[in-house]
Amino acid sequence: MSLLPVADALAKILAAIPGPVEAEHVPIAQAAGRTLAKNVAATRTQPPFPASAMDGYAVRAADVAQVPASLRVVGISAAGHGYAQEVGPGEAVRIFTGAPIPEGADAILIQENAQAQGDTVTARESVAVGRFVRRAGLDFAEGETLLRAGETLDARRLALAAAAGHAMLPVRRRPRVAVIATGDELVRAGETPAWDQIVASNGLALAALAGEAGAEAIDLGIVPDDLGALREAIGRARGVGADLVVTLGGASVGDHDLVQAALREEGLELGFWRVALRPGKPLMFGRLGPMTVIGLPGNPVSSIVCGLLFVVPAIRALLGDPAAGADRSEPAVLGRDMPANDQRQDYLRARLETAPDRLPVAHPENRQDSSMLSVLGSSEALLVRAPHAPAAKAGEACRIIRLDRRIV
């Protein structure tokens with residue numbers, strides 16, 4: 001099987017996603033980080049009345065057209081305690097920011113331009129009709145669509161939904177992502193490895209990526225290089241109702257790479273295996289009944305990079321995000337000369353040099369071995385080099401994917 005281009009691999013994965021997971025309604029206080037299942041419209045108008053944008057006096061603009069002008073203060077309008085009577089000629093109402101503007105008044109004389117004495121206020125400057133007035137519905141009107149299906153509910157969107165009158169919100173349930181780490185050489189963090197073992201890190205990283213993307217990660221543990229044990233783990237993924245199964249390691253064709261064989265015995269419909277990228281060539285994708293399966297390489301950097309490129313978009317597609325497959329790269333410039341590339345798309349770990357009013361400068365790390373988490377941990381971006389890209393000089397344009405930005 002030939003190497004599949006990265007864009008084609010992602011398109012195949014997203015096309016095979018059966019559709020968004022089911023919707024549920026949750027209290028707005030529990031909706032942070034969730035993905036909307038339906039559009040959200042305002043149930044009320046905001047503000048529901050003309051309101052003052054400043055502290056001062058609600059006046060009739062015609063009464064202060066010629067200054068100085070003295071007006072009689074007939075009441076007070078404060079937030080939650082509006083003045084319910086009409087303002088007549090020659091009258092003013094003391095008003096505070098956010099308070100309703102009384103009937104009859106059509107402008108705000110700010111307190112800096114007013115001089116109060118007893119129940120009289122003198123305007124030192126004229127004001128135009130509508131000055132410092134927030135009209136009713138300035139923010140939004142009842143029935144107006146404010147949020148759209150597929151958006152992630154962050155702090156600003158939650159504030160908007162609350163202001164629009166929603167106590168419950170329709171969201172997608174969290175997709176269940178079963179993570180299966182494989183390999184006799186692995187032990188869990190905190191355990192003491194034997195001389196020929198290492199501490200497993202990929203599973204923790206992929207669970208974190210899944211959680212940040214909006215999924216529920218289900219750790220199915222470390223599975224030894226044994227066909228029966230692998231098939232049993234796949235059965236457990238079925239048992240927990242996984243929407244997506246992510247395997248780590250064992251996806252190649254060596255004597256100890258048994259993941260693909262175990263999946264095939266369980267009924268895997270293989271979509272593709274091997275992608276033209278570096279790191280992460282031995283990437284596998286298929287369908288196993290209702291479950292999507294993505295098999296990631298065992299090298300930790302490869303698994304994390306492929307998790308960003310393929311697992312996260314798959315989760316976002318399960319959540320109904322219309323931008324699930326959007327290009328997350330952005331322009332930058334090279335910090336050093338680069339040789340011509342081969343047939344694989346490169347994702348080089350890089351440091352960024354940033355300054356105001358210019359594109360970031362990407363400095364690829366000298367060490368790019370896919371086992372080196374220390375290099376990935378200190379990098380700020382992945383420098384993307386297209387297949388067959390010609391040699392490039394420092395200062396030329398390039399593309400990067402930032403590692404220090406939220407996934408959604």
# chains A, B, ... in the order shown; residues from 1 in each chain; ligands from 1
$ select_by_dssp --residues "segment 140-323 of chain A" --states "helix (DSSP H, G or I)" --output "PyMOL selection string"
chain A and resi 155-163+202-213+227-239+259-265+300-318
$ residues_around --residues "segment 48-64 of chain A" --least-positions-apart "3" --cutoff "6 Å" --atoms "only C-alpha atoms" --output "JSON, numbers by chain"
{"A": [45, 69, 92, 93, 94, 95, 96, 97, 98, 99, 100, 101, 105, 106, 107, 108, 109, 110, 111, 126, 127, 128, 129, 132, 133, 134, 135, 136]}
$ closest_residue --among "A:Glu365, A:Glu112, A:Asp327, A:Asp184" --to "Ser379 of chain A" --atoms "only C-alpha atoms"
A:Glu365
$ closest_atom_pairs --of "segment 204-246 of chain A" --to "segment 158-182 of chain A" --cutoff "8 Å" --atoms "only C-alpha atoms" --output "tab-separated table"
residue	atom	partner	partner_atom	distance
A:Leu206	CA	A:Val179	CA	7.5
A:Ala207	CA	A:Val179	CA	7.1
A:Ala210	CA	A:Val177	CA	7.2
A:Gly214	CA	A:Arg174	CA	6.2
A:Ala215	CA	A:Arg174	CA	4.7
A:Glu216	CA	A:Arg176	CA	5.0
A:Ala217	CA	A:Val177	CA	4.9
A:Ile218	CA	A:Ala178	CA	4.7
A:Asp219	CA	A:Val179	CA	5.2
A:Leu220	CA	A:Ile180	CA	5.4
A:Gly221	CA	A:Ile180	CA	6.0
A:Ile222	CA	A:Ala181	CA	4.8
A:Val223	CA	A:Thr182	CA	4.7
A:Pro224	CA	A:Thr182	CA	5.8
A:Asp225	CA	A:Thr182	CA	6.6
A:Ala233	CA	A:Ile180	CA	7.4
A:Ala237	CA	A:Ala178	CA	5.9
A:Gly241	CA	A:Arg176	CA	7.1
A:Ala242	CA	A:Arg176	CA	4.8
A:Asp243	CA	A:Arg176	CA	5.3
A:Leu244	CA	A:Val177	CA	4.8
A:Val245	CA	A:Ala178	CA	4.8
A:Val246	CA	A:Val179	CA	4.9
$ select_by_dssp --residues "segment 106-297 of chain A" --states "strand (DSSP E or B)" --output "short mmCIF file (atom, residue, chain, number, x, y, z; two decimals) with C-alpha atoms, in the first residue's frame"
data_model
loop_
_atom_site.label_atom_id
_atom_site.label_comp_id
_atom_site.auth_asym_id
_atom_site.auth_seq_id
_atom_site.Cartn_x
_atom_site.Cartn_y
_atom_site.Cartn_z
CA ALA A 107 -30.19 62.15 26.21
CA ILE A 108 -27.76 61.90 29.10
CA LEU A 109 -26.01 64.93 30.52
CA ILE A 110 -22.88 63.39 32.04
CA ALA A 114 -23.24 69.29 35.19
CA GLN A 115 -23.28 71.32 38.39
CA ALA A 116 -25.80 70.23 41.02
CA GLN A 117 -27.13 72.36 43.83
CA THR A 120 -31.41 71.92 40.64
CA VAL A 121 -28.77 70.91 38.11
CA THR A 122 -27.12 73.29 35.64
CA ALA A 123 -25.90 71.98 32.27
CA VAL A 133 -28.19 56.31 25.41
CA ARG A 134 -28.08 52.55 24.93
CA PHE A 140 -29.40 41.60 20.84
CA THR A 145 -29.52 33.64 16.76
CA LEU A 146 -26.50 34.28 18.96
CA LEU A 147 -24.58 31.00 19.01
CA THR A 152 -17.43 25.33 21.92
CA MET A 168 -30.09 24.88 30.10
CA LEU A 169 -28.13 24.40 26.88
CA PRO A 170 -28.29 21.71 24.15
CA VAL A 171 -24.83 20.14 23.81
CA ARG A 172 -23.33 17.05 22.26
CA ARG A 176 -16.03 8.24 24.33
CA VAL A 177 -12.42 7.75 23.27
CA ALA A 178 -10.86 4.45 24.36
CA VAL A 179 -7.07 4.65 24.57
CA ILE A 180 -5.11 1.39 24.33
CA ALA A 181 -1.35 1.52 24.85
CA THR A 182 0.52 -1.57 23.70
CA LEU A 186 5.82 -0.22 29.01
CA VAL A 187 5.00 0.45 32.66
CA ILE A 198 10.32 2.48 29.80
CA VAL A 199 7.55 4.55 31.35
CA GLU A 216 -14.26 11.61 27.51
CA ALA A 217 -11.02 9.63 27.51
CA ILE A 218 -11.24 6.04 28.74
CA ASP A 219 -7.88 4.53 29.67
CA LEU A 220 -7.90 0.81 28.87
CA GLY A 221 -4.42 0.39 30.24
CA ILE A 222 -1.22 -1.10 28.86
CA VAL A 223 -1.75 -4.25 26.82
CA LEU A 244 -13.30 6.21 18.81
CA VAL A 245 -10.54 3.71 19.64
CA VAL A 246 -6.98 5.02 19.66
CA THR A 247 -4.24 2.42 19.80
CA LEU A 248 -0.67 3.37 20.59
CA GLU A 269 -12.53 -2.64 7.84
CA LEU A 270 -9.12 -1.12 7.08
CA GLY A 271 -9.35 2.32 5.53
CA PHE A 272 -5.64 2.96 5.11
CA TRP A 273 -2.29 2.21 6.63
CA VAL A 275 0.74 8.10 5.59
CA LEU A 277 4.30 12.28 6.95
CA ARG A 278 7.18 12.54 9.36
CA MET A 284 -3.63 3.18 10.62
CA PHE A 285 -7.31 3.98 10.21
CA GLY A 286 -10.42 1.84 9.88
CA ARG A 287 -13.94 1.10 11.08
CA LEU A 288 -14.88 -1.62 13.55
CA MET A 291 -16.32 2.47 16.25
CA THR A 292 -13.75 4.55 14.42
CA VAL A 293 -10.23 3.19 14.93
CA ILE A 294 -7.03 5.20 14.63
CA GLY A 295 -3.78 3.36 15.23
CA LEU A 296 -0.93 5.68 16.15
#
$ residues_around --residues "segment 392-398 of chain A" --least-positions-apart "2" --cutoff "8 Å" --atoms "only C-alpha atoms" --output "PyMOL selection string"
chain A and resi 331-340+361+383-385+390+400
$ closest_atom_pairs --of "segment 276-389 of chain A" --to "segment 21-34 of chain A" --cutoff "12 Å" --atoms "only C-alpha atoms" --output "Markdown table"
| residue | atom | partner | partner_atom | distance |
| --- | --- | --- | --- | --- |
| A:Pro290 | CA | A:Val21 | CA | 11.4 |
| A:Met291 | CA | A:Val21 | CA | 11.8 |
| A:Ala314 | CA | A:Val21 | CA | 11.8 |
| A:Ile315 | CA | A:Val21 | CA | 10.0 |
| A:Arg316 | CA | A:Val21 | CA | 10.4 |
| A:Ala317 | CA | A:Val21 | CA | 9.1 |
| A:Leu318 | CA | A:Val21 | CA | 5.7 |
| A:Leu319 | CA | A:Val21 | CA | 6.2 |
| A:Gly320 | CA | A:Val21 | CA | 7.7 |
| A:Asp321 | CA | A:Val21 | CA | 11.1 |
$ write_last_selection --atoms "all heavy atoms" --output "PDB file, in the first residue's frame"
ATOM      1  N   PRO A 290     -19.528   0.165  14.893  1.00  0.00           N
ATOM      2  CA  PRO A 290     -19.832   1.590  15.088  1.00  0.00           C
ATOM      3  C   PRO A 290     -18.622   2.422  15.510  1.00  0.00           C
ATOM      4  O   PRO A 290     -18.727   3.639  15.627  1.00  0.00           O
ATOM      5  CB  PRO A 290     -20.878   1.563  16.209  1.00  0.00           C
ATOM      6  CG  PRO A 290     -20.518   0.345  17.005  1.00  0.00           C
ATOM      7  CD  PRO A 290     -20.014  -0.669  16.005  1.00  0.00           C
ATOM      8  N   MET A 291     -17.484   1.761  15.719  1.00  0.00           N
ATOM      9  CA  MET A 291     -16.319   2.473  16.254  1.00  0.00           C
ATOM     10  C   MET A 291     -15.360   2.884  15.143  1.00  0.00           C
ATOM     11  O   MET A 291     -15.070   2.112  14.226  1.00  0.00           O
ATOM     12  CB  MET A 291     -15.569   1.599  17.264  1.00  0.00           C
ATOM     13  CG  MET A 291     -16.397   1.154  18.456  1.00  0.00           C
ATOM     14  SD  MET A 291     -15.409   0.324  19.743  1.00  0.00           S
ATOM     15  CE  MET A 291     -14.792  -1.114  18.833  1.00  0.00           C
ATOM     16  N   ALA A 314     -10.985  14.167  14.366  1.00  0.00           N
ATOM     17  CA  ALA A 314     -12.014  13.126  14.427  1.00  0.00           C
ATOM     18  C   ALA A 314     -12.969  13.379  15.591  1.00  0.00           C
ATOM     19  O   ALA A 314     -14.193  13.217  15.455  1.00  0.00           O
ATOM     20  CB  ALA A 314     -11.360  11.752  14.560  1.00  0.00           C
ATOM     21  N   ILE A 315     -12.433  13.786  16.736  1.00  0.00           N
ATOM     22  CA  ILE A 315     -13.281  14.095  17.892  1.00  0.00           C
ATOM     23  C   ILE A 315     -14.175  15.287  17.590  1.00  0.00           C
ATOM     24  O   ILE A 315     -15.375  15.275  17.896  1.00  0.00           O
ATOM     25  CB  ILE A 315     -12.408  14.359  19.127  1.00  0.00           C
ATOM     26  CG1 ILE A 315     -11.711  13.065  19.571  1.00  0.00           C
ATOM     27  CG2 ILE A 315     -13.245  14.932  20.278  1.00  0.00           C
ATOM     28  CD1 ILE A 315     -10.649  13.276  20.632  1.00  0.00           C
ATOM     29  N   ARG A 316     -13.597  16.315  16.971  1.00  0.00           N
ATOM     30  CA  ARG A 316     -14.398  17.500  16.659  1.00  0.00           C
ATOM     31  C   ARG A 316     -15.514  17.153  15.660  1.00  0.00           C
ATOM     32  O   ARG A 316     -16.611  17.701  15.736  1.00  0.00           O
ATOM     33  CB  ARG A 316     -13.512  18.612  16.093  1.00  0.00           C
ATOM     34  CG  ARG A 316     -12.485  19.162  17.077  1.00  0.00           C
ATOM     35  CD  ARG A 316     -13.079  19.571  18.398  1.00  0.00           C
ATOM     36  NE  ARG A 316     -14.140  20.557  18.235  1.00  0.00           N
ATOM     37  CZ  ARG A 316     -14.978  20.931  19.193  1.00  0.00           C
ATOM     38  NH1 ARG A 316     -14.908  20.362  20.399  1.00  0.00           N
ATOM     39  NH2 ARG A 316     -15.894  21.844  18.977  1.00  0.00           N
ATOM     40  N   ALA A 317     -15.237  16.231  14.726  1.00  0.00           N
ATOM     41  CA  ALA A 317     -16.283  15.799  13.797  1.00  0.00           C
ATOM     42  C   ALA A 317     -17.383  15.058  14.537  1.00  0.00           C
ATOM     43  O   ALA A 317     -18.571  15.224  14.241  1.00  0.00           O
ATOM     44  CB  ALA A 317     -15.680  14.918  12.704  1.00  0.00           C
ATOM     45  N   LEU A 318     -17.011  14.223  15.516  1.00  0.00           N
ATOM     46  CA  LEU A 318     -18.012  13.528  16.324  1.00  0.00           C
ATOM     47  C   LEU A 318     -18.872  14.510  17.114  1.00  0.00           C
ATOM     48  O   LEU A 318     -20.011  14.199  17.462  1.00  0.00           O
ATOM     49  CB  LEU A 318     -17.327  12.550  17.282  1.00  0.00           C
ATOM     50  CG  LEU A 318     -16.775  11.267  16.650  1.00  0.00           C
ATOM     51  CD1 LEU A 318     -15.823  10.569  17.604  1.00  0.00           C
ATOM     52  CD2 LEU A 318     -17.919  10.338  16.253  1.00  0.00           C
ATOM     53  N   LEU A 319     -18.336  15.685  17.393  1.00  0.00           N
ATOM     54  CA  LEU A 319     -19.077  16.711  18.123  1.00  0.00           C
ATOM     55  C   LEU A 319     -19.864  17.636  17.194  1.00  0.00           C
ATOM     56  O   LEU A 319     -20.526  18.559  17.662  1.00  0.00           O
ATOM     57  CB  LEU A 319     -18.101  17.537  18.970  1.00  0.00           C
ATOM     58  CG  LEU A 319     -17.565  16.821  20.210  1.00  0.00           C
ATOM     59  CD1 LEU A 319     -16.369  17.570  20.795  1.00  0.00           C
ATOM     60  CD2 LEU A 319     -18.662  16.691  21.260  1.00  0.00           C
ATOM     61  N   GLY A 320     -19.774  17.392  15.891  1.00  0.00           N
ATOM     62  CA  GLY A 320     -20.534  18.207  14.955  1.00  0.00           C
ATOM     63  C   GLY A 320     -19.911  19.543  14.648  1.00  0.00           C
ATOM     64  O   GLY A 320     -20.592  20.461  14.173  1.00  0.00           O
ATOM     65  N   ASP A 321     -18.618  19.678  14.877  1.00  0.00           N
ATOM     66  CA  ASP A 321     -17.929  20.933  14.600  1.00  0.00           C
ATOM     67  C   ASP A 321     -17.740  21.074  13.094  1.00  0.00           C
ATOM     68  O   ASP A 321     -17.039  20.270  12.474  1.00  0.00           O
ATOM     69  CB  ASP A 321     -16.574  20.934  15.305  1.00  0.00           C
ATOM     70  CG  ASP A 321     -15.816  22.242  15.150  1.00  0.00           C
ATOM     71  OD1 ASP A 321     -16.238  23.092  14.350  1.00  0.00           O
ATOM     72  OD2 ASP A 321     -14.783  22.415  15.837  1.00  0.00           O
TER      73      ASP A 321
END
$ residues_around --residues "Asp226 of chain A" --least-positions-apart "3" --cutoff "10 Å" --atoms "only C-alpha atoms" --output "PyMOL selection string"
chain A and resi 182-184+223+229-232+256-259+262
$ write_last_selection --atoms "all heavy atoms" --output "mmCIF file, in the first residue's frame"
data_model
loop_
_atom_site.group_PDB
_atom_site.id
_atom_site.type_symbol
_atom_site.label_atom_id
_atom_site.label_comp_id
_atom_site.auth_asym_id
_atom_site.auth_seq_id
_atom_site.Cartn_x
_atom_site.Cartn_y
_atom_site.Cartn_z
ATOM 1 N N THR A 182 0.062 -0.199 23.887
ATOM 2 C CA THR A 182 0.518 -1.567 23.699
ATOM 3 C C THR A 182 2.038 -1.644 23.826
ATOM 4 O O THR A 182 2.750 -0.708 23.472
ATOM 5 C CB THR A 182 0.110 -2.107 22.319
ATOM 6 O OG1 THR A 182 0.851 -1.434 21.297
ATOM 7 C CG2 THR A 182 -1.380 -1.909 22.074
ATOM 8 N N GLY A 183 2.499 -2.778 24.322
ATOM 9 C CA GLY A 183 3.937 -3.020 24.353
ATOM 10 C C GLY A 183 4.407 -3.644 25.645
ATOM 11 O O GLY A 183 4.088 -3.149 26.736
ATOM 12 N N ASP A 184 5.186 -4.727 25.550
ATOM 13 C CA ASP A 184 5.751 -5.378 26.729
ATOM 14 C C ASP A 184 6.746 -4.479 27.456
ATOM 15 O O ASP A 184 7.043 -4.704 28.632
ATOM 16 C CB ASP A 184 6.475 -6.671 26.315
ATOM 17 C CG ASP A 184 5.513 -7.735 25.806
ATOM 18 O OD1 ASP A 184 4.313 -7.646 26.127
ATOM 19 O OD2 ASP A 184 5.973 -8.637 25.086
ATOM 20 N N VAL A 223 -1.467 -2.880 27.273
ATOM 21 C CA VAL A 223 -1.745 -4.246 26.819
ATOM 22 C C VAL A 223 -0.453 -4.860 26.302
ATOM 23 O O VAL A 223 0.254 -4.241 25.492
ATOM 24 C CB VAL A 223 -2.822 -4.246 25.717
ATOM 25 C CG1 VAL A 223 -3.130 -5.661 25.263
ATOM 26 C CG2 VAL A 223 -4.088 -3.564 26.222
ATOM 27 N N ALA A 229 -4.588 -10.867 24.303
ATOM 28 C CA ALA A 229 -4.757 -9.712 25.183
ATOM 29 C C ALA A 229 -5.239 -8.499 24.407
ATOM 30 O O ALA A 229 -6.070 -7.715 24.891
ATOM 31 C CB ALA A 229 -3.440 -9.403 25.894
ATOM 32 N N LEU A 230 -4.741 -8.346 23.186
ATOM 33 C CA LEU A 230 -5.174 -7.227 22.358
ATOM 34 C C LEU A 230 -6.636 -7.365 21.965
ATOM 35 O O LEU A 230 -7.398 -6.392 22.006
ATOM 36 C CB LEU A 230 -4.293 -7.141 21.109
ATOM 37 C CG LEU A 230 -2.870 -6.606 21.338
ATOM 38 C CD1 LEU A 230 -1.996 -6.887 20.129
ATOM 39 C CD2 LEU A 230 -2.909 -5.107 21.628
ATOM 40 N N ARG A 231 -7.046 -8.571 21.611
ATOM 41 C CA ARG A 231 -8.446 -8.783 21.251
ATOM 42 C C ARG A 231 -9.355 -8.545 22.461
ATOM 43 O O ARG A 231 -10.452 -7.993 22.323
ATOM 44 C CB ARG A 231 -8.635 -10.184 20.692
ATOM 45 C CG ARG A 231 -7.937 -10.418 19.365
ATOM 46 C CD ARG A 231 -8.305 -11.750 18.747
ATOM 47 N NE ARG A 231 -9.723 -11.782 18.372
ATOM 48 C CZ ARG A 231 -10.300 -12.819 17.745
ATOM 49 N NH1 ARG A 231 -9.571 -13.892 17.439
ATOM 50 N NH2 ARG A 231 -11.573 -12.796 17.447
ATOM 51 N N GLU A 232 -8.881 -8.920 23.639
ATOM 52 C CA GLU A 232 -9.667 -8.686 24.852
ATOM 53 C C GLU A 232 -9.820 -7.197 25.110
ATOM 54 O O GLU A 232 -10.894 -6.723 25.498
ATOM 55 C CB GLU A 232 -8.990 -9.385 26.026
ATOM 56 C CG GLU A 232 -9.810 -9.412 27.308
ATOM 57 C CD GLU A 232 -9.655 -8.173 28.169
ATOM 58 O OE1 GLU A 232 -8.581 -7.530 28.072
ATOM 59 O OE2 GLU A 232 -10.582 -7.837 28.925
ATOM 60 N N HIS A 256 6.502 -8.113 16.479
ATOM 61 C CA HIS A 256 5.790 -7.773 17.707
ATOM 62 C C HIS A 256 4.697 -6.731 17.480
ATOM 63 O O HIS A 256 4.109 -6.229 18.438
ATOM 64 C CB HIS A 256 6.783 -7.271 18.764
ATOM 65 C CG HIS A 256 7.824 -8.286 19.132
ATOM 66 N ND1 HIS A 256 7.568 -9.324 20.001
ATOM 67 C CD2 HIS A 256 9.102 -8.431 18.727
ATOM 68 C CE1 HIS A 256 8.659 -10.067 20.136
ATOM 69 N NE2 HIS A 256 9.603 -9.543 19.363
ATOM 70 N N ASP A 257 4.442 -6.389 16.229
ATOM 71 C CA ASP A 257 3.416 -5.400 15.907
ATOM 72 C C ASP A 257 2.127 -6.138 15.570
ATOM 73 O O ASP A 257 1.875 -6.489 14.416
ATOM 74 C CB ASP A 257 3.868 -4.520 14.738
ATOM 75 C CG ASP A 257 5.085 -3.687 15.085
ATOM 76 O OD1 ASP A 257 5.134 -3.173 16.219
ATOM 77 O OD2 ASP A 257 5.980 -3.556 14.231
ATOM 78 N N LEU A 258 1.308 -6.363 16.593
ATOM 79 C CA LEU A 258 0.147 -7.252 16.462
ATOM 80 C C LEU A 258 -1.187 -6.517 16.452
ATOM 81 O O LEU A 258 -2.234 -7.160 16.337
ATOM 82 C CB LEU A 258 0.153 -8.254 17.630
ATOM 83 C CG LEU A 258 1.425 -9.108 17.774
ATOM 84 C CD1 LEU A 258 1.325 -9.963 19.034
ATOM 85 C CD2 LEU A 258 1.624 -9.982 16.545
ATOM 86 N N VAL A 259 -1.162 -5.200 16.582
ATOM 87 C CA VAL A 259 -2.418 -4.463 16.724
ATOM 88 C C VAL A 259 -3.292 -4.636 15.495
ATOM 89 O O VAL A 259 -4.492 -4.927 15.588
ATOM 90 C CB VAL A 259 -2.145 -2.973 17.002
ATOM 91 C CG1 VAL A 259 -3.438 -2.165 16.913
ATOM 92 C CG2 VAL A 259 -1.516 -2.803 18.377
ATOM 93 N N ALA A 262 -4.825 -8.093 15.363
ATOM 94 C CA ALA A 262 -5.905 -8.273 16.330
ATOM 95 C C ALA A 262 -7.171 -7.562 15.876
ATOM 96 O O ALA A 262 -8.287 -8.103 15.992
ATOM 97 C CB ALA A 262 -5.468 -7.754 17.699
#
$ closest_residue --among "A:Ala65, A:Ala276, A:Leu268, A:Val74" --to "Asn341 of chain A" --atoms "only C-alpha atoms"
A:Ala276
$ atom_distance --atom1 "atom CA of Glu185 of chain A" --atom2 "atom CA of Arg274 of chain A"
23.4 Å
$ residues_around --residues "segment 297-301 of chain A" --least-positions-apart "3" --cutoff "8 Å" --atoms "only C-alpha atoms" --output "list in words"
Ser201, Asn202, Leu248, Gly249, Gly250, Ala251, Ser252, Pro279, Gly280, Lys281, Pro282, Leu283, Ile304, Val305, Ser370, Ser371, Met372, Leu373 and Leu376 of chain A
$ write_last_selection --atoms "N, CA and C atoms" --output "mmCIF file, in the first residue's frame"
data_model
loop_
_atom_site.group_PDB
_atom_site.id
_atom_site.type_symbol
_atom_site.label_atom_id
_atom_site.label_comp_id
_atom_site.auth_asym_id
_atom_site.auth_seq_id
_atom_site.Cartn_x
_atom_site.Cartn_y
_atom_site.Cartn_z
ATOM 1 N N SER A 201 4.111 7.092 28.223
ATOM 2 C CA SER A 201 3.723 8.510 28.235
ATOM 3 C C SER A 201 2.645 8.827 27.214
ATOM 4 N N ASN A 202 2.581 8.030 26.134
ATOM 5 C CA ASN A 202 1.662 8.349 25.046
ATOM 6 C C ASN A 202 0.204 8.363 25.475
ATOM 7 N N LEU A 248 -1.990 2.746 20.549
ATOM 8 C CA LEU A 248 -0.666 3.367 20.588
ATOM 9 C C LEU A 248 0.391 2.287 20.463
ATOM 10 N N GLY A 249 1.104 2.301 19.335
ATOM 11 C CA GLY A 249 2.147 1.323 19.106
ATOM 12 C C GLY A 249 1.617 0.070 18.443
ATOM 13 N N GLY A 250 2.536 -0.715 17.904
ATOM 14 C CA GLY A 250 2.171 -2.004 17.339
ATOM 15 C C GLY A 250 1.407 -1.955 16.039
ATOM 16 N N ALA A 251 1.403 -0.781 15.369
ATOM 17 C CA ALA A 251 0.607 -0.655 14.149
ATOM 18 C C ALA A 251 1.400 -0.988 12.896
ATOM 19 N N SER A 252 2.691 -1.256 13.048
ATOM 20 C CA SER A 252 3.525 -1.573 11.893
ATOM 21 C C SER A 252 3.403 -3.062 11.575
ATOM 22 N N PRO A 279 6.946 13.132 11.740
ATOM 23 C CA PRO A 279 6.947 11.752 12.218
ATOM 24 C C PRO A 279 5.550 11.136 12.115
ATOM 25 N N GLY A 280 5.507 9.797 12.015
ATOM 26 C CA GLY A 280 4.215 9.123 12.089
ATOM 27 C C GLY A 280 3.790 8.338 10.889
ATOM 28 N N LYS A 281 4.701 7.877 10.055
ATOM 29 C CA LYS A 281 4.324 7.155 8.837
ATOM 30 C C LYS A 281 3.408 5.953 9.092
ATOM 31 N N PRO A 282 3.679 5.081 10.080
ATOM 32 C CA PRO A 282 2.826 3.890 10.252
ATOM 33 C C PRO A 282 1.518 4.191 10.972
ATOM 34 N N LEU A 283 0.716 5.088 10.375
ATOM 35 C CA LEU A 283 -0.585 5.447 10.936
ATOM 36 C C LEU A 283 -1.652 4.570 10.303
ATOM 37 N N ILE A 304 1.917 11.922 19.483
ATOM 38 C CA ILE A 304 1.331 13.215 19.846
ATOM 39 C C ILE A 304 1.078 14.059 18.612
ATOM 40 N N VAL A 305 2.044 14.093 17.688
ATOM 41 C CA VAL A 305 1.850 14.863 16.452
ATOM 42 C C VAL A 305 0.671 14.307 15.669
ATOM 43 N N SER A 370 12.022 11.174 16.700
ATOM 44 C CA SER A 370 10.625 11.066 17.142
ATOM 45 C C SER A 370 10.468 10.440 18.513
ATOM 46 N N SER A 371 11.578 10.096 19.160
ATOM 47 C CA SER A 371 11.491 9.580 20.528
ATOM 48 C C SER A 371 11.718 10.671 21.569
ATOM 49 N N MET A 372 12.073 11.885 21.130
ATOM 50 C CA MET A 372 12.584 12.900 22.060
ATOM 51 C C MET A 372 11.480 13.841 22.544
ATOM 52 N N LEU A 373 10.878 13.489 23.666
ATOM 53 C CA LEU A 373 9.850 14.333 24.260
ATOM 54 C C LEU A 373 10.413 15.641 24.781
ATOM 55 N N LEU A 376 10.158 18.112 21.971
ATOM 56 C CA LEU A 376 8.764 18.514 21.767
ATOM 57 C C LEU A 376 8.288 19.412 22.904
#
$ atom_distance --atom1 "atom CA of Glu151 of chain A" --atom2 "atom CA of Glu380 of chain A"
25.8 Å
